[in-house]
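Structure below is entry.txt: compact mmCIF, C-alpha atoms and all ligand atoms.
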```txt
# COMPACT_ATOMS: atom_id res chain seq x y z
CA MET A 1238 0.00 0.00 0.00
CA ALA A 1239 1.19 3.52 -0.78
CA GLU A 1240 1.96 5.85 2.13
CA PRO A 1241 -1.47 6.60 3.64
CA ILE A 1242 -2.74 10.18 3.52
CA LEU A 1243 -4.10 9.74 7.06
CA ARG A 1244 -2.83 7.36 9.68
CA VAL A 1245 -4.43 7.08 13.10
CA GLU A 1246 -2.37 5.22 15.69
CA ASN A 1247 -3.68 3.97 19.00
CA LEU A 1248 -6.25 6.73 19.46
CA CYS A 1249 -7.66 6.77 23.00
CA CYS A 1250 -10.15 9.44 23.95
CA GLY A 1251 -12.98 10.08 26.34
CA PHE A 1252 -14.91 12.53 28.46
CA HIS A 1253 -14.87 13.91 31.96
CA THR A 1254 -18.36 13.30 33.31
CA GLU A 1255 -20.10 13.65 36.68
CA ASP A 1256 -19.19 10.01 37.31
CA GLY A 1257 -15.52 10.60 36.55
CA TYR A 1258 -13.50 10.12 33.41
CA ILE A 1259 -14.84 7.64 30.87
CA ARG A 1260 -12.76 6.42 27.96
CA VAL A 1261 -14.98 5.91 24.92
CA VAL A 1262 -12.44 5.22 22.17
CA ASP A 1263 -9.84 2.68 23.18
CA GLY A 1264 -6.81 2.11 20.99
CA VAL A 1265 -8.23 2.72 17.53
CA SER A 1266 -5.74 2.56 14.64
CA PHE A 1267 -6.35 2.79 10.92
CA ASP A 1268 -4.92 4.06 7.64
CA CYS A 1269 -6.67 5.94 4.84
CA GLU A 1270 -5.26 5.51 1.41
CA ALA A 1271 -5.43 8.59 -0.83
CA GLY A 1272 -8.43 8.61 -3.16
CA LYS A 1273 -10.14 5.71 -1.41
CA THR A 1274 -13.25 5.56 0.75
CA LEU A 1275 -13.01 4.08 4.21
CA GLY A 1276 -16.28 3.02 5.81
CA LEU A 1277 -16.66 3.23 9.57
CA VAL A 1278 -19.49 1.07 10.90
CA GLY A 1279 -20.76 -0.19 14.21
CA GLU A 1280 -23.85 0.23 16.34
CA SER A 1281 -24.93 3.45 18.02
CA GLY A 1282 -22.58 4.65 20.74
CA CYS A 1283 -19.53 2.63 19.64
CA GLY A 1284 -17.43 5.77 19.15
CA LYS A 1285 -17.61 6.57 15.44
CA THR A 1286 -18.42 10.26 15.81
CA VAL A 1287 -16.04 10.73 18.74
CA SER A 1288 -13.19 9.21 16.68
CA ALA A 1289 -13.97 11.55 13.78
CA LEU A 1290 -14.20 14.61 16.04
CA ALA A 1291 -10.86 13.68 17.61
CA VAL A 1292 -9.25 13.55 14.16
CA MET A 1293 -10.69 17.02 13.44
CA GLY A 1294 -9.52 18.39 16.81
CA LEU A 1295 -13.17 19.14 17.56
CA LEU A 1296 -13.99 17.12 20.68
CA PRO A 1297 -16.28 19.25 22.87
CA GLN A 1298 -14.19 21.22 25.36
CA PRO A 1299 -13.35 21.02 28.21
CA ALA A 1300 -14.99 17.60 28.73
CA GLY A 1301 -13.44 15.83 25.73
CA VAL A 1302 -9.87 14.55 25.98
CA VAL A 1303 -7.49 12.85 23.57
CA GLU A 1304 -5.43 10.85 26.06
CA GLU A 1305 -3.11 9.09 23.69
CA GLY A 1306 -2.41 8.38 20.09
CA ARG A 1307 -1.09 9.95 16.93
CA ILE A 1308 -3.12 11.37 14.05
CA LEU A 1309 -0.75 11.63 11.12
CA PHE A 1310 -1.85 13.67 8.12
CA ARG A 1311 0.80 13.16 5.42
CA GLY A 1312 3.18 12.33 8.25
CA ASP A 1313 2.40 15.42 10.41
CA ASP A 1314 1.03 14.64 13.86
CA LEU A 1315 -2.24 16.57 14.28
CA ALA A 1316 -2.75 15.32 17.87
CA SER A 1317 0.17 17.49 19.00
CA THR A 1318 -0.63 20.44 16.72
CA ASP A 1319 -1.56 23.75 18.32
CA ARG A 1320 -5.07 25.15 17.95
CA ASP A 1321 -4.19 27.81 15.37
CA ARG A 1322 -2.54 25.38 13.03
CA MET A 1323 -5.37 22.89 13.59
CA ARG A 1324 -7.85 25.53 12.45
CA ALA A 1325 -5.98 25.73 9.16
CA VAL A 1326 -5.88 21.96 8.79
CA ARG A 1327 -9.57 21.73 9.45
CA GLY A 1328 -11.46 22.47 6.31
CA GLN A 1329 -8.46 22.76 4.02
CA GLN A 1330 -6.98 19.35 4.59
CA ILE A 1331 -9.83 17.54 6.30
CA GLY A 1332 -13.45 18.63 5.98
CA MET A 1333 -16.38 17.15 7.83
CA ILE A 1334 -20.10 16.85 7.21
CA PHE A 1335 -21.75 16.53 10.59
CA GLN A 1336 -24.40 14.07 11.68
CA GLU A 1337 -27.01 16.73 12.49
CA PRO A 1338 -27.40 19.28 9.67
CA MET A 1339 -29.94 21.28 11.66
CA THR A 1340 -27.58 21.77 14.59
CA ALA A 1341 -24.57 22.40 12.39
CA LEU A 1342 -26.30 25.21 10.52
CA ASN A 1343 -27.13 28.25 12.61
CA PRO A 1344 -30.91 28.76 12.48
CA VAL A 1345 -30.77 32.51 13.09
CA HIS A 1346 -28.49 33.37 10.16
CA ARG A 1347 -29.28 33.32 6.47
CA VAL A 1348 -27.66 30.60 4.39
CA GLY A 1349 -25.63 33.28 2.56
CA LYS A 1350 -24.03 34.67 5.71
CA GLN A 1351 -22.99 31.16 6.78
CA MET A 1352 -21.61 30.32 3.35
CA PHE A 1353 -19.66 33.61 3.24
CA GLU A 1354 -18.11 32.80 6.60
CA ALA A 1355 -17.12 29.32 5.45
CA ILE A 1356 -15.53 30.70 2.27
CA GLY A 1357 -13.94 33.69 4.05
CA LEU A 1358 -12.08 31.35 6.40
CA TYR A 1359 -9.93 30.16 3.54
CA GLU A 1360 -9.87 33.29 1.43
CA PRO A 1361 -9.94 36.30 3.68
CA GLY A 1362 -10.40 39.72 2.13
CA LEU A 1363 -12.81 38.81 -0.68
CA ALA A 1364 -15.28 41.55 -1.56
CA LYS A 1365 -19.00 40.89 -1.04
CA SER A 1366 -19.59 40.44 -4.77
CA GLU A 1367 -16.79 37.88 -5.00
CA LEU A 1368 -18.09 36.03 -1.96
CA THR A 1369 -21.54 35.92 -3.51
CA ALA A 1370 -20.17 34.60 -6.79
CA ARG A 1371 -18.22 31.88 -4.96
CA ALA A 1372 -21.21 30.92 -2.84
CA VAL A 1373 -23.52 30.72 -5.87
CA ASP A 1374 -20.94 28.64 -7.67
CA SER A 1375 -20.52 26.18 -4.81
CA LEU A 1376 -24.28 25.83 -4.28
CA GLU A 1377 -24.60 25.06 -7.99
CA GLN A 1378 -21.92 22.40 -7.68
CA VAL A 1379 -23.95 20.59 -5.04
CA GLY A 1380 -27.07 20.75 -7.19
CA ILE A 1381 -29.06 23.52 -5.51
CA PRO A 1382 -31.41 25.22 -7.98
CA ASP A 1383 -31.88 28.98 -7.81
CA PRO A 1384 -28.86 29.52 -5.54
CA VAL A 1385 -29.17 33.32 -5.45
CA ARG A 1386 -32.57 33.02 -3.80
CA ARG A 1387 -31.34 30.29 -1.43
CA LEU A 1388 -28.58 32.52 -0.11
CA ARG A 1389 -31.21 34.92 1.20
CA GLU A 1390 -33.15 32.19 3.00
CA TYR A 1391 -32.87 30.78 6.50
CA PRO A 1392 -32.01 27.10 7.12
CA HIS A 1393 -35.58 26.23 8.16
CA GLN A 1394 -36.86 27.38 4.75
CA LEU A 1395 -34.84 24.62 3.08
CA SER A 1396 -35.81 20.96 2.85
CA GLY A 1397 -33.68 18.39 4.70
CA GLY A 1398 -31.96 17.38 1.47
CA MET A 1399 -31.21 21.03 0.57
CA ARG A 1400 -29.76 21.67 4.04
CA GLN A 1401 -27.53 18.66 3.66
CA ARG A 1402 -26.38 19.99 0.27
CA VAL A 1403 -25.55 23.33 1.89
CA MET A 1404 -23.55 21.49 4.57
CA ILE A 1405 -21.65 19.64 1.88
CA ALA A 1406 -20.93 22.90 0.03
CA MET A 1407 -19.61 24.42 3.26
CA ALA A 1408 -17.45 21.39 4.06
CA LEU A 1409 -15.94 21.65 0.58
CA ALA A 1410 -15.27 25.41 0.75
CA GLY A 1411 -11.65 24.88 1.84
CA GLN A 1412 -11.03 22.25 -0.89
CA PRO A 1413 -10.18 19.53 1.63
CA GLU A 1414 -8.21 16.48 0.57
CA ILE A 1415 -10.14 14.27 2.98
CA LEU A 1416 -13.87 14.49 3.59
CA ILE A 1417 -15.37 12.86 6.67
CA ALA A 1418 -19.10 12.27 6.17
CA ASP A 1419 -20.78 11.35 9.45
CA GLU A 1420 -24.09 9.61 8.69
CA PRO A 1421 -24.72 12.19 5.96
CA THR A 1422 -28.10 10.77 4.99
CA THR A 1423 -29.62 9.33 8.16
CA ALA A 1424 -32.02 12.22 8.69
CA LEU A 1425 -33.32 12.11 5.12
CA ASP A 1426 -36.01 10.10 3.39
CA VAL A 1427 -34.98 7.28 1.10
CA THR A 1428 -35.11 8.97 -2.30
CA VAL A 1429 -33.25 12.02 -1.01
CA GLN A 1430 -30.69 9.72 0.64
CA ALA A 1431 -29.93 8.17 -2.73
CA GLN A 1432 -29.50 11.62 -4.33
CA ILE A 1433 -27.11 12.81 -1.63
CA LEU A 1434 -25.05 9.62 -1.85
CA GLU A 1435 -24.87 10.04 -5.61
CA LEU A 1436 -23.73 13.65 -5.16
CA LEU A 1437 -21.01 12.66 -2.68
CA LEU A 1438 -19.75 10.01 -5.04
CA GLU A 1439 -19.61 12.46 -7.97
CA LEU A 1440 -17.78 15.07 -5.88
CA LYS A 1441 -15.32 12.51 -4.60
CA GLU A 1442 -14.54 11.34 -8.12
CA SER A 1443 -14.32 14.80 -9.68
CA ARG A 1444 -12.08 16.16 -6.91
CA GLY A 1445 -10.10 12.99 -6.26
CA MET A 1446 -10.92 13.25 -2.57
CA THR A 1447 -10.32 10.64 0.09
CA MET A 1448 -13.41 9.87 2.14
CA ILE A 1449 -14.24 8.50 5.55
CA PHE A 1450 -17.83 7.43 5.46
CA ILE A 1451 -19.54 6.84 8.81
CA THR A 1452 -22.76 4.88 8.60
CA HIS A 1453 -25.04 2.27 10.15
CA ASP A 1454 -25.99 1.05 6.72
CA LEU A 1455 -24.00 -1.92 5.46
CA GLY A 1456 -25.74 -1.64 2.09
CA VAL A 1457 -24.16 1.80 1.65
CA VAL A 1458 -20.81 0.40 2.73
CA ALA A 1459 -21.00 -2.35 0.14
CA GLU A 1460 -21.74 0.17 -2.58
CA PHE A 1461 -19.43 3.06 -1.71
CA CYS A 1462 -16.48 1.89 0.35
CA ASP A 1463 -13.14 0.37 -0.55
CA GLU A 1464 -12.11 -0.53 3.01
CA VAL A 1465 -14.21 -1.05 6.10
CA LEU A 1466 -13.52 -0.60 9.77
CA VAL A 1467 -15.98 -2.31 12.10
CA MET A 1468 -16.08 -0.78 15.58
CA TYR A 1469 -17.53 -2.35 18.68
CA ALA A 1470 -17.73 -0.56 22.03
CA GLY A 1471 -14.87 1.85 21.30
CA ARG A 1472 -12.50 -0.65 19.73
CA ILE A 1473 -11.87 -2.04 16.27
CA ALA A 1474 -13.34 -5.51 15.87
CA GLU A 1475 -12.34 -6.00 12.26
CA ARG A 1476 -10.89 -4.17 9.30
CA ALA A 1477 -10.84 -5.38 5.75
CA PRO A 1478 -11.25 -4.45 2.11
CA VAL A 1479 -14.95 -4.41 1.31
CA ARG A 1480 -15.25 -7.73 -0.57
CA PRO A 1481 -13.56 -9.96 2.02
CA LEU A 1482 -15.51 -8.18 4.74
CA PHE A 1483 -18.79 -9.30 3.23
CA HIS A 1484 -17.62 -12.65 1.84
CA THR A 1485 -15.35 -13.87 4.63
CA PRO A 1486 -16.07 -11.87 7.78
CA ARG A 1487 -13.86 -13.19 10.59
CA HIS A 1488 -15.22 -11.47 13.68
CA PRO A 1489 -18.40 -12.92 15.22
CA TYR A 1490 -19.75 -9.37 15.57
CA THR A 1491 -19.22 -8.58 11.88
CA HIS A 1492 -20.73 -11.93 11.06
CA GLY A 1493 -23.80 -11.02 13.10
CA LEU A 1494 -24.10 -7.62 11.40
CA ILE A 1495 -24.01 -9.18 7.97
CA GLU A 1496 -26.42 -11.96 8.95
CA SER A 1497 -28.88 -9.36 10.14
CA LEU A 1498 -29.01 -7.66 6.73
CA PRO A 1499 -32.29 -8.19 4.89
CA ARG A 1500 -31.59 -10.36 1.87
CA MET A 1501 -33.11 -10.22 -1.59
CA ASP A 1502 -33.40 -13.99 -1.82
CA THR A 1503 -35.31 -14.67 1.39
CA PRO A 1504 -39.05 -14.09 1.76
CA SER A 1505 -39.74 -10.77 3.45
CA ARG A 1506 -41.56 -12.48 6.32
CA THR A 1507 -38.42 -14.26 7.48
CA PRO A 1508 -37.49 -12.62 10.77
CA LEU A 1509 -34.22 -10.72 10.74
CA ASN A 1510 -31.36 -12.37 12.49
CA THR A 1511 -30.36 -9.70 14.99
CA ILE A 1512 -27.49 -10.05 17.42
CA GLU A 1513 -28.80 -10.98 20.84
CA GLY A 1514 -27.84 -9.08 23.97
CA VAL A 1515 -26.73 -5.51 24.53
CA VAL A 1516 -23.45 -3.59 24.52
CA PRO A 1517 -22.10 -3.36 28.10
CA LYS A 1518 -22.18 0.10 29.68
CA LEU A 1519 -18.97 2.08 29.20
CA ASN A 1520 -18.14 2.02 32.90
CA GLU A 1521 -18.92 -1.70 33.17
CA MET A 1522 -16.84 -3.07 30.31
CA PRO A 1523 -15.54 -6.61 30.80
CA PRO A 1524 -11.74 -6.84 31.10
CA GLY A 1525 -11.33 -9.03 28.01
CA CYS A 1526 -13.16 -8.94 24.70
CA ARG A 1527 -16.01 -6.44 24.86
CA PHE A 1528 -18.21 -8.59 22.66
CA SER A 1529 -17.76 -11.67 24.87
CA ASN A 1530 -21.12 -11.38 26.66
CA ARG A 1531 -22.94 -11.62 23.31
CA CYS A 1532 -20.73 -14.11 21.55
CA ARG A 1533 -21.52 -17.78 21.23
CA HIS A 1534 -17.84 -18.62 20.71
CA ALA A 1535 -16.68 -16.87 23.90
CA ASP A 1536 -14.80 -18.78 26.58
CA GLU A 1537 -12.87 -17.95 29.75
CA ARG A 1538 -9.93 -16.51 27.84
CA CYS A 1539 -12.20 -14.11 25.91
CA ARG A 1540 -13.64 -12.75 29.14
CA ARG A 1541 -10.17 -12.26 30.61
CA GLU A 1542 -7.82 -11.23 27.82
CA VAL A 1543 -8.20 -8.40 25.29
CA PRO A 1544 -7.76 -9.82 21.77
CA ALA A 1545 -5.18 -7.98 19.65
CA LEU A 1546 -5.96 -7.05 16.05
CA GLU A 1547 -4.37 -9.97 14.21
CA SER A 1548 -3.77 -10.25 10.52
CA CYS A 1549 -5.80 -13.09 9.03
CA ALA A 1550 -5.17 -12.23 5.36
CA PRO A 1551 -3.40 -9.38 3.53
CA GLY A 1552 -5.06 -6.12 4.58
CA HIS A 1553 -7.54 -8.03 6.75
CA GLY A 1554 -7.29 -7.70 10.54
CA VAL A 1555 -9.49 -9.20 13.22
CA ALA A 1556 -9.58 -8.82 16.99
CA CYS A 1557 -10.89 -12.20 18.11
CA HIS A 1558 -9.19 -15.09 19.91
CA HIS A 1559 -11.23 -17.58 17.89
CA TRP A 1560 -11.29 -16.17 14.37
CA HIS A 1561 -9.85 -19.46 13.05
CA ARG A 1562 -13.07 -21.17 14.10
CA LEU A 1563 -15.15 -18.78 12.03
CA ALA A 1564 -12.76 -19.26 9.15
CA ALA A 1565 -13.10 -23.05 9.30
N1 LIG B 1601 -19.99 15.12 25.21
C1 LIG B 1601 -20.01 13.87 25.69
N2 LIG B 1601 -19.90 13.62 27.03
C2 LIG B 1601 -19.92 12.37 27.52
N3 LIG B 1601 -20.01 11.26 26.75
C3 LIG B 1601 -20.13 11.44 25.42
C4 LIG B 1601 -20.14 12.74 24.82
N4 LIG B 1601 -20.25 12.58 23.47
C5 LIG B 1601 -20.33 11.25 23.26
N5 LIG B 1601 -20.24 10.57 24.42
C6 LIG B 1601 -20.28 9.10 24.58
O1 LIG B 1601 -19.28 8.53 23.78
C7 LIG B 1601 -19.74 7.29 23.24
C8 LIG B 1601 -19.51 7.27 21.76
O2 LIG B 1601 -20.37 8.22 21.14
P1 LIG B 1601 -20.38 8.49 19.59
O3 LIG B 1601 -21.21 9.71 19.38
O4 LIG B 1601 -19.01 8.52 19.06
O5 LIG B 1601 -21.14 7.21 19.03
P2 LIG B 1601 -21.47 6.85 17.52
O6 LIG B 1601 -20.79 5.56 17.23
O7 LIG B 1601 -21.19 8.00 16.65
O8 LIG B 1601 -23.05 6.56 17.62
P3 LIG B 1601 -24.24 6.92 16.59
O9 LIG B 1601 -24.23 5.82 15.60
O10 LIG B 1601 -25.46 6.91 17.45
O11 LIG B 1601 -23.97 8.26 16.00
C9 LIG B 1601 -21.20 7.16 23.63
O12 LIG B 1601 -21.31 6.27 24.70
C10 LIG B 1601 -21.59 8.55 24.06
O13 LIG B 1601 -22.56 8.50 25.07
MG MG B 1602 -22.35 9.27 15.57
```
Translate this structure into structure tokens?
Ligand SMILES: Nc1ncnc2c1ncn2[C@@H]1O[C@H](COP(=O)(O)OP(=O)(O)OP(=O)(O)O)[C@@H](O)[C@H]1O
Ligand SMILES: [Mg+2]
Amino acid sequence: MAEPILRVENLCCGFHTEDGYIRVVDGVSFDCEAGKTLGLVGESGCGKTVSALAVMGLLPQPAGVVEEGRILFRGDDLASTDRDRMRAVRGQQIGMIFQEPMTALNPVHRVGKQMFEAIGLYEPGLAKSELTARAVDSLEQVGIPDPVRRLREYPHQLSGGMRQRVMIAMALAGQPEILIADEPTTALDVTVQAQILELLLELKESRGMTMIFITHDLGVVAEFCDEVLVMYAGRIAERAPVRPLFHTPRHPYTHGLIESLPRMDTPSRTPLNTIEGVVPKLNEMPPGCRFSNRCRHADERCRREVPALESCAPGHGVACHHWHRLAA
């Protein structure tokens, strides 16, 4: 593999809460290859958004803490970068589309004002007419009709899909090399979801961007991603190129996720195979494998000893003491 554009090494982060410090991301490592799309999947609360915010230097302050780890963008460690430099990195090197478009857009300001701010961050000193021309141009690029009118409107006057397009335009204002899309379509209805996914794919191709795509939807992963990272309770359970992940999943959790997908070839009344049990609470994690309480392969060793991410094939890593059994 070529030198990755982004390398995350042993990222550990968490929050100070009323019950003390809680680590929510525990030793996450991954590489992003330039021009490729990395999917980040795992059930709600497993630490996908927190990992992305840590990479962006945007964990909520003062509660959020990056305890350990390196975040290397083209070899530069962002985890030890000062705030001013990080502001420059954000947007121009790594852009992010946030999970909640309605909270990310300010409801009291017109779309235009927010777009001008986003553009002005990277090109200070532009005159109003130039800012307007840029904003119109970038709204056109994300497929917003009548952009001049839209600039004068407030976020609530736009449909969910339009708001998400505005968010994408703003994330792209600094021409980032990497775009992190955090559940970019969850809040949208199905047809609009498909349009937004199509738009992201077109933009990625035309700009040669690298993408990190965070989603619950394995169908989207299968269609859009080159590599996949499966997270469980703050750790990586498995990482693999997309085909082996679906064809030869090695982690019992990944296996369960894939089994629970609705299939075209089974009658729709067949009940979905969901994974039994629940994720342990963050402050009550078992000392060994965090999936052990839900895993039918688990034994004493699994409950005691944290499984390391082992290589089971080229580019394919799995954190399970018994992956050989699933492979058999
Ligand atoms: N500001 C915060 N203070 C305390 N805990 C937090 C804070 N933000 C997130 N967490 C906790 O960190 C854990 C990981 O949250 P995160 O938002 O990364 O999950 P996620 O994988 O993105 O889930 P979802 O799929 O629902 O978006 C959760 O247990 C969450 O409760
Ligand atoms: Mg999230």
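Omitting range 1254-1256 of chain A and its sequence neighbours fewer than 5 positions away, and counting only C-alpha atoms, the residues within 12 Å are Val1261, Gln1298, Pro1299, Ala1300, Gly1301, Val1302, Leu1519 and Asn1520 of chain A.
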Tell me, counting all atoms listed in the file, for each residue of chain A within 8 Å of ligand MG 1602 (chain B), which pair of atoms is nearest and how far apart they are in Å to one decimal, in rows ordered by chain and increasing number, as CSV.
```
residue,atom,partner,partner_atom,distance
A:Ser1281,CA,B:MG1602,MG,6.8
A:Gly1282,CA,B:MG1602,MG,6.9
A:Gly1284,CA,B:MG1602,MG,7.0
A:Lys1285,CA,B:MG1602,MG,5.5
A:Thr1286,CA,B:MG1602,MG,4.1
A:Val1287,CA,B:MG1602,MG,7.2
A:Gln1336,CA,B:MG1602,MG,6.5
A:Asp1419,CA,B:MG1602,MG,6.7
A:Glu1420,CA,B:MG1602,MG,7.1
A:Ile1451,CA,B:MG1602,MG,7.7
```
Suppose we keep C-alpha atoms; can you now write the selection as a PDB file, in the frame of the given file?
```pdb
ATOM      1  CA  SER A1281     -24.930   3.450  18.020  1.00  0.00           C
ATOM      2  CA  GLY A1282     -22.580   4.650  20.740  1.00  0.00           C
ATOM      3  CA  GLY A1284     -17.430   5.770  19.150  1.00  0.00           C
ATOM      4  CA  LYS A1285     -17.610   6.570  15.440  1.00  0.00           C
ATOM      5  CA  THR A1286     -18.420  10.260  15.810  1.00  0.00           C
ATOM      6  CA  VAL A1287     -16.040  10.730  18.740  1.00  0.00           C
ATOM      7  CA  GLN A1336     -24.400  14.070  11.680  1.00  0.00           C
ATOM      8  CA  ASP A1419     -20.780  11.350   9.450  1.00  0.00           C
ATOM      9  CA  GLU A1420     -24.090   9.610   8.690  1.00  0.00           C
ATOM     10  CA  ILE A1451     -19.540   6.840   8.810  1.00  0.00           C
TER      11      ILE A1451
END
```
I'd like the neighbourhood of range 1393-1401 of chain A as a PyMOL selection string, where a residue qualifies if any of its atoms comes within 8 Å (using all atoms listed in the file), though same-chain residues fewer than 3 positions away should be ignored. chain A and resi 1338-1339+1344+1381+1390+1404-1405+1421+1424-1425+1429-1430+1433
Pairwise distance for CA of Gly1362 in chain A and CA of Val1379 in chain A, rounded to one decimal in Å: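 CA of Val1379 in chain A lies 24.5 Å from CA of Gly1362 in chain A.
Counting only C-alpha atoms and all ligand atoms, the residue from A:Met1333, A:Cys1269, A:Leu1296, A:Ala1325 that sits nearest to ligand LIG 1601 (chain B) is A:Leu1296.
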As an exercise, work out the distance from CA of Arg1541 in chain A to CA of Phe1528 in chain A in Å and give it to one decimal place.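 Those two atoms sit 11.9 Å apart.
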Kindly provide, as AutoDock Vina command-line options, the centre and edge lengths (Å, one decimal) of an axis-aligned box around all atoms of range 1448-1459 of chain A given in the file, with 5 Å on each side.
```
--center_x -19.7 --center_y 3.8 --center_z 5.1 --size_x 22.6 --size_y 22.2 --size_z 20.0
```
Can you measure CA of Lys1350 in chain A to CA of Lys1365 in chain A for me? One decimal in Å is fine.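 Rounded to one decimal, the two atoms are 10.5 Å apart.
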Find, counting only C-alpha atoms, the residue in A:Arg1402, A:His1346, A:Arg1387, A:Arg1487 that gets nearest to Ala1550 in chain A. A:Arg1487
Within 8 Å of Val1278 in chain A using all atoms listed in the file, minus same-chain residues under 6 positions, as a tab-separated table (two decimals) with C-alpha atoms, in the frame of the given file:
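Now in part_7.tsv:
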```tsv
chain	number	residue	atom	x	y	z
A	1285	LYS	CA	-17.61	6.57	15.44
A	1451	ILE	CA	-19.54	6.84	8.81
A	1452	THR	CA	-22.76	4.88	8.60
A	1453	HIS	CA	-25.04	2.27	10.15
A	1454	ASP	CA	-25.99	1.05	6.72
A	1455	LEU	CA	-24.00	-1.92	5.46
A	1465	VAL	CA	-14.21	-1.05	6.10
A	1466	LEU	CA	-13.52	-0.60	9.77
A	1467	VAL	CA	-15.98	-2.31	12.10
A	1468	MET	CA	-16.08	-0.78	15.58
```
Given all atoms listed in the file as the counted atoms, nearest of A:Leu1436, A:Met1522, A:Ala1565, A:Leu1295 to Gly1471 in chain A: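 Distance minimum relative to Gly1471 in chain A lands on A:Met1522.
Using all atoms listed in the file, the shortest contact distance between Glu1439 in chain A and any of A:Ala1289, A:Thr1369, A:Gln1378, A:Glu1460 is found at A:Gln1378.
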May I have the protein, DNA and RNA residues with any atom at most 8 Å from the point (-14.3, -1.0, 2.7), counting only C-alpha atoms, written as a PyMOL selection string? chain A and resi 1274-1276+1458-1459+1461-1466+1477-1480+1482
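Nearest residue to ligand LIG 1601 (chain B), choosing from A:Pro1486, A:Gly1349, A:Pro1517, A:Gly1493 and counting all atoms listed in the file: A:Pro1517.
In this comparison, which uses only C-alpha atoms and all ligand atoms, the residue of A:Met1446, A:Ala1418, A:Ala1341, A:Val1543 approaching ligand LIG 1601 (chain B) most closely is A:Ala1418.
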Within 12 Å of file point (-11.9, 32.5, 1.4), counting all atoms listed in the file, expressed as a PyMOL selection string: chain A and resi 1325+1328-1329+1352-1365+1367-1372+1407+1409-1412
